[in-house]
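Heads up, the thing below is written out as structure tokens.
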Amino acid sequence: MGYPRDEVIGLHSSNEYRVYMVGFLPGFPYLGKTDARLEVARKSQPAPVRAGGVGIAGLQTGIYPLSSPGGWRIIGQTPVVLFNPKADPPVHLQTGDRVQFYPISGSEFHDWK
């Protein structure tokens, strides 16, 4: 990809994404489609990802609802909880939902949590 951090944030947050499907992990939304300038291949080896990690792979973006190994390129973090087994429903996003990302400060992130 090779774009400066602020440009990646701007490109990623300028789109509204549709949830194509939910899977891989409980509540993991596959969202698309990203700006073609953000297209990037998956990692060749999975790496640890914290819950809330926002990643991109190909022309899709997704959010890791749980900490797990992952092969997507992590570009950010969301404070939104996507999977809570005690909630009804336990999954925050459903197929067909629309998602808009926007940048927040570190203090806003911590206030949200």
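Ligands are numbered from 1 in the order shown, residues from 1 within each chain, and chains are lettered A, B, ... in the order they appear in the structure tokens.
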Tell me which protein, DNA and RNA residues are within 7 Å of stretch 73-84 of chain A, counting only C-alpha atoms, leaving out same-chain ones fewer than 2 positions away, and put them as a CSV table (one decimal) with N, CA and C atoms, in the first residue's frame.
chain,number,residue,atom,x,y,z
A,26,PRO,N,-17.1,-15.3,15.8
A,26,PRO,CA,-18.5,-14.8,16.0
A,26,PRO,C,-18.5,-13.3,16.0
A,27,GLY,N,-19.3,-12.8,15.0
A,27,GLY,CA,-19.4,-11.3,14.9
A,27,GLY,C,-18.4,-10.6,14.0
A,42,ARG,N,-3.5,-10.4,1.8
A,42,ARG,CA,-3.4,-10.9,3.2
A,42,ARG,C,-2.0,-11.2,3.5
A,43,LYS,N,-1.7,-11.2,4.8
A,43,LYS,CA,-0.3,-11.6,5.3
A,43,LYS,C,-0.1,-13.1,4.9
A,52,GLY,N,-11.3,-5.8,18.3
A,52,GLY,CA,-11.5,-4.4,17.8
A,52,GLY,C,-10.6,-4.0,16.7
A,53,GLY,N,-9.6,-4.9,16.4
A,53,GLY,CA,-8.7,-4.5,15.3
A,53,GLY,C,-9.4,-4.4,14.0
A,54,VAL,N,-9.2,-3.3,13.3
A,54,VAL,CA,-9.8,-3.1,12.0
A,54,VAL,C,-8.7,-3.4,10.9
A,55,GLY,N,-9.0,-4.3,10.0
A,55,GLY,CA,-8.1,-4.8,9.0
A,55,GLY,C,-8.6,-4.7,7.6
A,56,ILE,N,-7.7,-4.8,6.7
A,56,ILE,CA,-8.0,-4.8,5.3
A,56,ILE,C,-7.3,-6.0,4.6
A,57,ALA,N,-8.0,-6.6,3.6
A,57,ALA,CA,-7.4,-7.6,2.8
A,57,ALA,C,-8.2,-7.6,1.5
A,65,PRO,N,-13.7,-9.2,16.2
A,65,PRO,CA,-14.6,-9.0,17.4
A,65,PRO,C,-13.9,-9.6,18.7
A,71,GLY,N,-4.9,-12.8,9.5
A,71,GLY,CA,-4.0,-12.5,8.3
A,71,GLY,C,-4.3,-11.2,7.6
A,86,LYS,N,-23.6,-12.5,26.1
A,86,LYS,CA,-24.7,-12.3,27.0
A,86,LYS,C,-25.7,-11.3,26.5
A,87,ALA,N,-25.5,-10.7,25.3
A,87,ALA,CA,-26.4,-9.7,24.7
A,87,ALA,C,-27.4,-10.5,23.9
A,90,PRO,N,-26.3,-11.6,20.3
A,90,PRO,CA,-24.9,-11.5,20.7
A,90,PRO,C,-24.0,-10.8,19.7
A,91,VAL,N,-24.4,-10.7,18.5
A,91,VAL,CA,-23.6,-10.2,17.4
A,91,VAL,C,-24.1,-8.8,17.1
A,92,HIS,N,-23.3,-7.8,17.1
A,92,HIS,CA,-23.6,-6.4,16.9
A,92,HIS,C,-24.1,-6.0,15.5
A,93,LEU,N,-23.4,-6.6,14.5
A,93,LEU,CA,-23.7,-6.3,13.1
A,93,LEU,C,-24.2,-7.5,12.4
A,109,PHE,N,-11.3,7.3,22.3
A,109,PHE,CA,-11.3,5.9,22.3
A,109,PHE,C,-11.5,5.3,23.7
A,112,TRP,N,-15.0,6.0,25.2
A,112,TRP,CA,-16.0,5.1,24.6
A,112,TRP,C,-16.1,3.8,25.3
A,113,LYS,N,-14.9,3.3,25.6
A,113,LYS,CA,-14.8,2.0,26.3
A,113,LYS,C,-15.3,2.1,27.7
**Request:** as number ranges by chain, please: all residues of chain A that backbone DSSP puts in strand (DSSP E).
**Result:** A: 16-22, 29-32, 47-49, 53-57, 60-63, 68-70, 73-77, 98-100
**Request:** List every residue of chain A that DSSP, applied to the backbone, labels as helix (DSSP H, G or I), and write the result as a list in words.
**Result:**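 Assigned to helix (DSSP H, G or I), within chain A: Arg5, Asp6, Glu7, Val8, Ile9, Gly10, Leu11, His12, Ser13, Ala36, Arg37, Leu38, Gly106, Ser107, Glu108, Phe109, His110, Asp111 and Trp112 of chain A.
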Could you turn the residues from that selection into a file that holds C-alpha atoms, as a PDB file, in the first residue's frame?
ATOM      1  CA  ARG A   5      -1.031   7.003   7.843  1.00  0.00           C
ATOM      2  CA  ASP A   6      -3.331  10.030   7.520  1.00  0.00           C
ATOM      3  CA  GLU A   7      -4.080   9.197   3.890  1.00  0.00           C
ATOM      4  CA  VAL A   8      -4.989   5.595   4.771  1.00  0.00           C
ATOM      5  CA  ILE A   9      -7.285   6.894   7.517  1.00  0.00           C
ATOM      6  CA  GLY A  10      -8.862   9.369   5.110  1.00  0.00           C
ATOM      7  CA  LEU A  11      -9.400   6.808   2.364  1.00  0.00           C
ATOM      8  CA  HIS A  12     -10.777   4.184   4.746  1.00  0.00           C
ATOM      9  CA  SER A  13     -13.129   6.542   6.575  1.00  0.00           C
ATOM     10  CA  ALA A  36      -9.067   0.395  -4.712  1.00  0.00           C
ATOM     11  CA  ARG A  37      -6.020   2.337  -3.486  1.00  0.00           C
ATOM     12  CA  LEU A  38      -6.263   0.403  -0.204  1.00  0.00           C
ATOM     13  CA  GLY A 106      -7.007   8.332  21.978  1.00  0.00           C
ATOM     14  CA  SER A 107      -9.011  10.005  24.739  1.00  0.00           C
ATOM     15  CA  GLU A 108     -12.271   9.522  22.793  1.00  0.00           C
ATOM     16  CA  PHE A 109     -11.342   5.862  22.331  1.00  0.00           C
ATOM     17  CA  HIS A 110     -10.842   5.382  26.074  1.00  0.00           C
ATOM     18  CA  ASP A 111     -13.988   7.371  26.955  1.00  0.00           C
ATOM     19  CA  TRP A 112     -16.004   5.149  24.603  1.00  0.00           C
TER      20      TRP A 112
END
**Prompt:** Pick the closest to A:Glu39 from A:Gly23, A:Pro69, A:Gly2, A:Pro89: which is it, counting only C-alpha atoms?
**Reply:**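 Under the stated criterion, the closest residue is A:Gly2.
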**Asked** Which residue gives the smallest distance to A:Trp72 among A:Ser105, A:Gln94, A:Thr34, A:Gln60, with only C-alpha atoms counted?
**Response**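 That would be A:Gln60, the residue with the smallest distance to A:Trp72.
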**Asked** So what do you get for atom CA of A:Pro46 versus atom CA of A:Leu59, distance-wise?
**Response**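 Going from atom CA of A:Pro46 over to atom CA of A:Leu59, I get 18.5 Å.
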**Asked** Of the candidates A:Ile63, A:Val49, A:Gln100, A:Asp88, which shows the shortest atom-to-atom distance to A:Asn15, using only C-alpha atoms?
**Response** A:Gln100
**Request:** Tell me, in Å to one decimal, how far atom CA of A:Arg98 is from atom CA of A:Gln45.
**Result:**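 Computing the Euclidean distance for atom CA of A:Arg98 and atom CA of A:Gln45 yields 29.9 Å.
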